[in-house]
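J.: Quick one: structure below, then a few questions.
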Amino acid sequence: VAGFGLALYALDEYEANIISRSARSFFYMALIMADYKINFKEGSDVEALHERSAKRLFHVISKNKGLYVKFGQAIAVQASIFPPPLRDTFTSLFDDAPASSWTEVSKALENEYGGKEAVDEIFDTIDPRPIASASIAQVHKAKLNGGQEVALKVRHPAIKKQMQGDLIAYRIIMRAFGWAFSLPMGVISDFVAEKVLEETDFRLEAQNSSALKSFCQNDSRFNGRIYIPEIYTQYTTASTLVMEFVQGVRMSDREAVSKAGFSHASTMRSVLQFFAAQIFSFGIVHADPHPGNFLLRYDPKSGKPQIVVLDHGLYVYERPEFRIQYTYLWKYLLSYNIDGVKQILECWGMEYNGSMGQAIIARNYDPNKKKLAKTGQDTDFESFAHQKDMSESFKNFIKSTDKLPLELVFVGRSVRILQGLNLTYGSPVNRINIFAGEAYRAIASSQQGSVLSKLSLWRMNLVFGFSLLVSDIVFYLLRLRQIITYSLFGIRSRGMEDLMD
């Protein structure tokens, strides 16, 4: 027995702890499922249940690291699905991850390029201290032999051994959760696993970056305002990526952004317009727009503020049919065209549900919210009855996974992260109106021509305009309140995103 145990331990160490990582995952997931099955009932302390589960899940993620961090980040941005303790606990997962040692990195580079001499032929110098580290890779500043300063992104060596085992464990766990709670997790988890696997191949990241850069350069609204660094494809492989080194202030550092003189409102407006254009017009969407992936600098040519977009590993390419449907969904939701909303959701295998429909565009509305607030009962929405209703709503929302557009998973992720970013900056702009304006622009450009289409466009413009006017009035009243309360009392009051979270 002792010999078998030692052999198993040695195998686990050699295979980057796949056995122990998977065992830890299965044990804690079984514990969490059992806890919910037993204790998620009327009269129980539901908040304590969520907190226990959040701590257990965070323990698994922090111990296993790697791809588990990506899954934890997905939970952190889903405000409409997961309870607050889970979301709040996992926000720290967007911070820098532990870096691999320089010994490991240099060995990985030699294996990838064919030896130390091959590495020396490409790079004049490589700083052994990483300037950033994430769940999948870390970045080192380097200089090519031609003299160009570059950012060298290197995949953590253990990821190659861990990723297949981690993804298998992830699929098993998600299917178990789906079975235990009657949720359609199987098809979604397969798609998520596929996209995460793509994110570990830096050749695909180079292709994504090039595609979005082309769209950006061909759109006069973004050419100059948005910058995507050049990729040195000749030196880029599955596990190493070499790109132009760009200096700037990370958008995750709000204080540094202010000190550098960048306007919060102008910056957020540019980010939101750019991503809305990706979703409604380009059909190619950067699905990981968290603040650490944006650098702010002044354009070396014009001297004007410029946003540098980094980390192009996680992308979703929209089918034209989905892009058009999603664009019209925004139109219908903001024009209160319930029949139009129902028609699109039916095409997606979904059943109309007011709160879930609004959650798709990250504009949450719960019809029970006013009712409970008026009676003075459970204004924090943590009661068993409320959460049970939300759980049932989500179950009933998706009727057919065969029709479910899987792009929605990552488009929704992007929208939700951008909502959180706007919230972090105090809601300086009206996100809903910016996205609605880009949706309208996309519809208008596709309906030019006949008198009938112009008439339809005019009618849509009238309804849209009224809806956006009301939204802007609410937004500016809230902004006025924020300015007054901060100026007089030094208190930061709630903004528009707070009300929609």
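Ordered as shown in the structure tokens, chains take letters A, B, and onward, while each chain numbers its residues from 1 and ligands are numbered from 1 in the order shown.
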As an MDAnalysis selection string, please: the residues near A:Ile432 (cut-off 12 Å, only C-alpha atoms, same-chain neighbours under 5 positions excluded).
T.: chainID A and resid 269 272:273 276 330:331 333:334 358 361:364 415:416 418:419 422 427 437:439 464 467:472 474:475 496:497 500
J.: If you run DSSP over the backbone, which residues in stretch 133-210 of chain A end up alpha helix (DSSP H)? Put them as JSON, numbers by chain.
T.: {"A": [157, 158, 159, 160, 161, 162, 163, 164, 165, 166, 167, 168, 169, 170, 171, 172, 173, 174, 175, 176, 177, 178, 179, 180, 181, 186, 187, 188, 189, 190, 191, 192, 193, 194, 195, 196, 197, 198, 199, 202, 203, 204, 205, 206, 207, 208, 209, 210]}
J.: Using only C-alpha atoms, determine which residues lie at most 10 Å from stretch 20-30 of chain A, disregarding the query and same-chain residues fewer than 2 positions distant; provide the list as a PDB file with N, CA and C atoms, in the first residue's frame.
T.:
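Result saved to out.pdb:
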```
ATOM      1  N   LEU A   8       1.848   6.671  -6.713  1.00  0.00           N
ATOM      2  CA  LEU A   8       0.775   7.589  -7.096  1.00  0.00           C
ATOM      3  C   LEU A   8       1.209   9.039  -6.874  1.00  0.00           C
ATOM      4  N   TYR A   9       1.899   9.280  -5.767  1.00  0.00           N
ATOM      5  CA  TYR A   9       2.389  10.630  -5.468  1.00  0.00           C
ATOM      6  C   TYR A   9       3.405  11.074  -6.519  1.00  0.00           C
ATOM      7  N   ASP A  12       1.651  11.865  -9.716  1.00  0.00           N
ATOM      8  CA  ASP A  12       0.932  13.138  -9.587  1.00  0.00           C
ATOM      9  C   ASP A  12       1.885  14.317  -9.737  1.00  0.00           C
ATOM     10  N   GLU A  13       3.045  14.228  -9.112  1.00  0.00           N
ATOM     11  CA  GLU A  13       4.035  15.300  -9.204  1.00  0.00           C
ATOM     12  C   GLU A  13       4.539  15.459 -10.638  1.00  0.00           C
ATOM     13  N   ALA A  16       2.091  17.257 -13.110  1.00  0.00           N
ATOM     14  CA  ALA A  16       1.674  18.600 -12.668  1.00  0.00           C
ATOM     15  C   ALA A  16       0.459  18.546 -11.751  1.00  0.00           C
ATOM     16  N   ASN A  17       0.427  17.555 -10.852  1.00  0.00           N
ATOM     17  CA  ASN A  17      -0.612  17.449  -9.808  1.00  0.00           C
ATOM     18  C   ASN A  17      -2.030  17.255 -10.348  1.00  0.00           C
ATOM     19  N   ILE A  18      -2.160  16.622 -11.502  1.00  0.00           N
ATOM     20  CA  ILE A  18      -3.489  16.425 -12.096  1.00  0.00           C
ATOM     21  C   ILE A  18      -4.370  15.578 -11.181  1.00  0.00           C
ATOM     22  N   ILE A  32     -20.328  20.703  -1.813  1.00  0.00           N
ATOM     23  CA  ILE A  32     -21.174  21.874  -2.085  1.00  0.00           C
ATOM     24  C   ILE A  32     -22.556  21.441  -2.564  1.00  0.00           C
ATOM     25  N   MET A  33     -22.605  20.472  -3.471  1.00  0.00           N
ATOM     26  CA  MET A  33     -23.903  19.999  -3.980  1.00  0.00           C
ATOM     27  C   MET A  33     -24.747  19.402  -2.861  1.00  0.00           C
ATOM     28  N   ALA A  34     -24.120  18.612  -2.018  1.00  0.00           N
ATOM     29  CA  ALA A  34     -24.848  17.992  -0.903  1.00  0.00           C
ATOM     30  C   ALA A  34     -25.371  19.060   0.054  1.00  0.00           C
ATOM     31  N   ASP A  35     -24.549  20.080   0.301  1.00  0.00           N
ATOM     32  CA  ASP A  35     -24.948  21.162   1.208  1.00  0.00           C
ATOM     33  C   ASP A  35     -26.184  21.885   0.670  1.00  0.00           C
ATOM     34  N   SER A  53     -20.272  27.943   0.634  1.00  0.00           N
ATOM     35  CA  SER A  53     -19.983  27.435  -0.716  1.00  0.00           C
ATOM     36  C   SER A  53     -18.929  28.283  -1.399  1.00  0.00           C
ATOM     37  N   ARG A  56     -15.492  27.419   0.036  1.00  0.00           N
ATOM     38  CA  ARG A  56     -15.029  26.108  -0.435  1.00  0.00           C
ATOM     39  C   ARG A  56     -14.572  26.177  -1.889  1.00  0.00           C
ATOM     40  N   LEU A  57     -15.367  26.839  -2.715  1.00  0.00           N
ATOM     41  CA  LEU A  57     -15.026  26.933  -4.130  1.00  0.00           C
ATOM     42  C   LEU A  57     -13.773  27.775  -4.335  1.00  0.00           C
ATOM     43  N   HIS A  59     -11.372  28.061  -2.230  1.00  0.00           N
ATOM     44  CA  HIS A  59     -10.247  27.229  -1.774  1.00  0.00           C
ATOM     45  C   HIS A  59      -9.763  26.330  -2.912  1.00  0.00           C
ATOM     46  N   VAL A  60     -10.704  25.718  -3.629  1.00  0.00           N
ATOM     47  CA  VAL A  60     -10.345  24.838  -4.757  1.00  0.00           C
ATOM     48  C   VAL A  60      -9.608  25.637  -5.827  1.00  0.00           C
ATOM     49  N   ILE A  61     -10.148  26.803  -6.171  1.00  0.00           N
ATOM     50  CA  ILE A  61      -9.559  27.619  -7.236  1.00  0.00           C
ATOM     51  C   ILE A  61      -8.173  28.129  -6.839  1.00  0.00           C
ATOM     52  N   LYS A  63      -6.081  26.876  -4.717  1.00  0.00           N
ATOM     53  CA  LYS A  63      -5.129  25.765  -4.625  1.00  0.00           C
ATOM     54  C   LYS A  63      -4.749  25.230  -6.006  1.00  0.00           C
ATOM     55  N   ASN A  64      -5.757  25.058  -6.862  1.00  0.00           N
ATOM     56  CA  ASN A  64      -5.512  24.449  -8.179  1.00  0.00           C
ATOM     57  C   ASN A  64      -4.909  25.435  -9.181  1.00  0.00           C
ATOM     58  N   LYS A  65      -5.284  26.702  -9.049  1.00  0.00           N
ATOM     59  CA  LYS A  65      -4.781  27.768  -9.935  1.00  0.00           C
ATOM     60  C   LYS A  65      -5.040  27.419 -11.412  1.00  0.00           C
ATOM     61  N   TYR A  68      -8.491  26.894 -13.524  1.00  0.00           N
ATOM     62  CA  TYR A  68      -9.552  27.066 -12.530  1.00  0.00           C
ATOM     63  C   TYR A  68      -9.796  28.552 -12.256  1.00  0.00           C
ATOM     64  N   GLN A 162      -1.674  20.274 -17.466  1.00  0.00           N
ATOM     65  CA  GLN A 162      -2.874  20.369 -16.631  1.00  0.00           C
ATOM     66  C   GLN A 162      -4.160  20.555 -17.418  1.00  0.00           C
ATOM     67  N   GLY A 165      -6.703  17.556 -18.297  1.00  0.00           N
ATOM     68  CA  GLY A 165      -7.293  17.003 -17.087  1.00  0.00           C
ATOM     69  C   GLY A 165      -8.244  17.983 -16.421  1.00  0.00           C
ATOM     70  N   ASP A 166      -7.863  19.263 -16.404  1.00  0.00           N
ATOM     71  CA  ASP A 166      -8.717  20.287 -15.801  1.00  0.00           C
ATOM     72  C   ASP A 166     -10.035  20.428 -16.551  1.00  0.00           C
ATOM     73  N   LEU A 167      -9.964  20.392 -17.879  1.00  0.00           N
ATOM     74  CA  LEU A 167     -11.176  20.563 -18.678  1.00  0.00           C
ATOM     75  C   LEU A 167     -12.104  19.357 -18.557  1.00  0.00           C
ATOM     76  N   ILE A 168     -11.522  18.168 -18.443  1.00  0.00           N
ATOM     77  CA  ILE A 168     -12.348  16.969 -18.220  1.00  0.00           C
ATOM     78  C   ILE A 168     -13.055  17.067 -16.871  1.00  0.00           C
ATOM     79  N   ALA A 169     -12.295  17.461 -15.840  1.00  0.00           N
ATOM     80  CA  ALA A 169     -12.882  17.629 -14.498  1.00  0.00           C
ATOM     81  C   ALA A 169     -13.976  18.692 -14.523  1.00  0.00           C
ATOM     82  N   TYR A 170     -13.731  19.786 -15.249  1.00  0.00           N
ATOM     83  CA  TYR A 170     -14.709  20.873 -15.351  1.00  0.00           C
ATOM     84  C   TYR A 170     -16.006  20.373 -15.992  1.00  0.00           C
ATOM     85  N   ILE A 172     -17.159  17.302 -16.139  1.00  0.00           N
ATOM     86  CA  ILE A 172     -17.832  16.351 -15.240  1.00  0.00           C
ATOM     87  C   ILE A 172     -18.573  17.100 -14.132  1.00  0.00           C
ATOM     88  N   ILE A 173     -17.892  18.078 -13.543  1.00  0.00           N
ATOM     89  CA  ILE A 173     -18.495  18.845 -12.442  1.00  0.00           C
ATOM     90  C   ILE A 173     -19.715  19.621 -12.925  1.00  0.00           C
ATOM     91  N   MET A 174     -19.617  20.263 -14.093  1.00  0.00           N
ATOM     92  CA  MET A 174     -20.743  21.045 -14.613  1.00  0.00           C
ATOM     93  C   MET A 174     -21.935  20.159 -14.944  1.00  0.00           C
ATOM     94  N   ALA A 176     -22.591  17.359 -13.441  1.00  0.00           N
ATOM     95  CA  ALA A 176     -23.128  16.936 -12.144  1.00  0.00           C
ATOM     96  C   ALA A 176     -24.013  18.034 -11.551  1.00  0.00           C
ATOM     97  N   PHE A 177     -23.550  19.275 -11.654  1.00  0.00           N
ATOM     98  CA  PHE A 177     -24.359  20.390 -11.169  1.00  0.00           C
ATOM     99  C   PHE A 177     -25.661  20.502 -11.971  1.00  0.00           C
TER     100      PHE A 177
END
```
J.: Please return, as a ChimeraX atom specification, all residues of stretch 83-292 of chain A that DSSP assigns to strand (DSSP E) on the basis of the backbone.
T.: /A:123-126,132-133,137-144,149-155,226-227,240-244,249-250,284-286
J.: Which is closer to A:Glu321 than all the others in A:Pro405, A:Glu255, A:Tyr298, A:Ile228, using only C-alpha atoms?
T.: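 Closest residue, counting only C-alpha atoms: A:Pro405.
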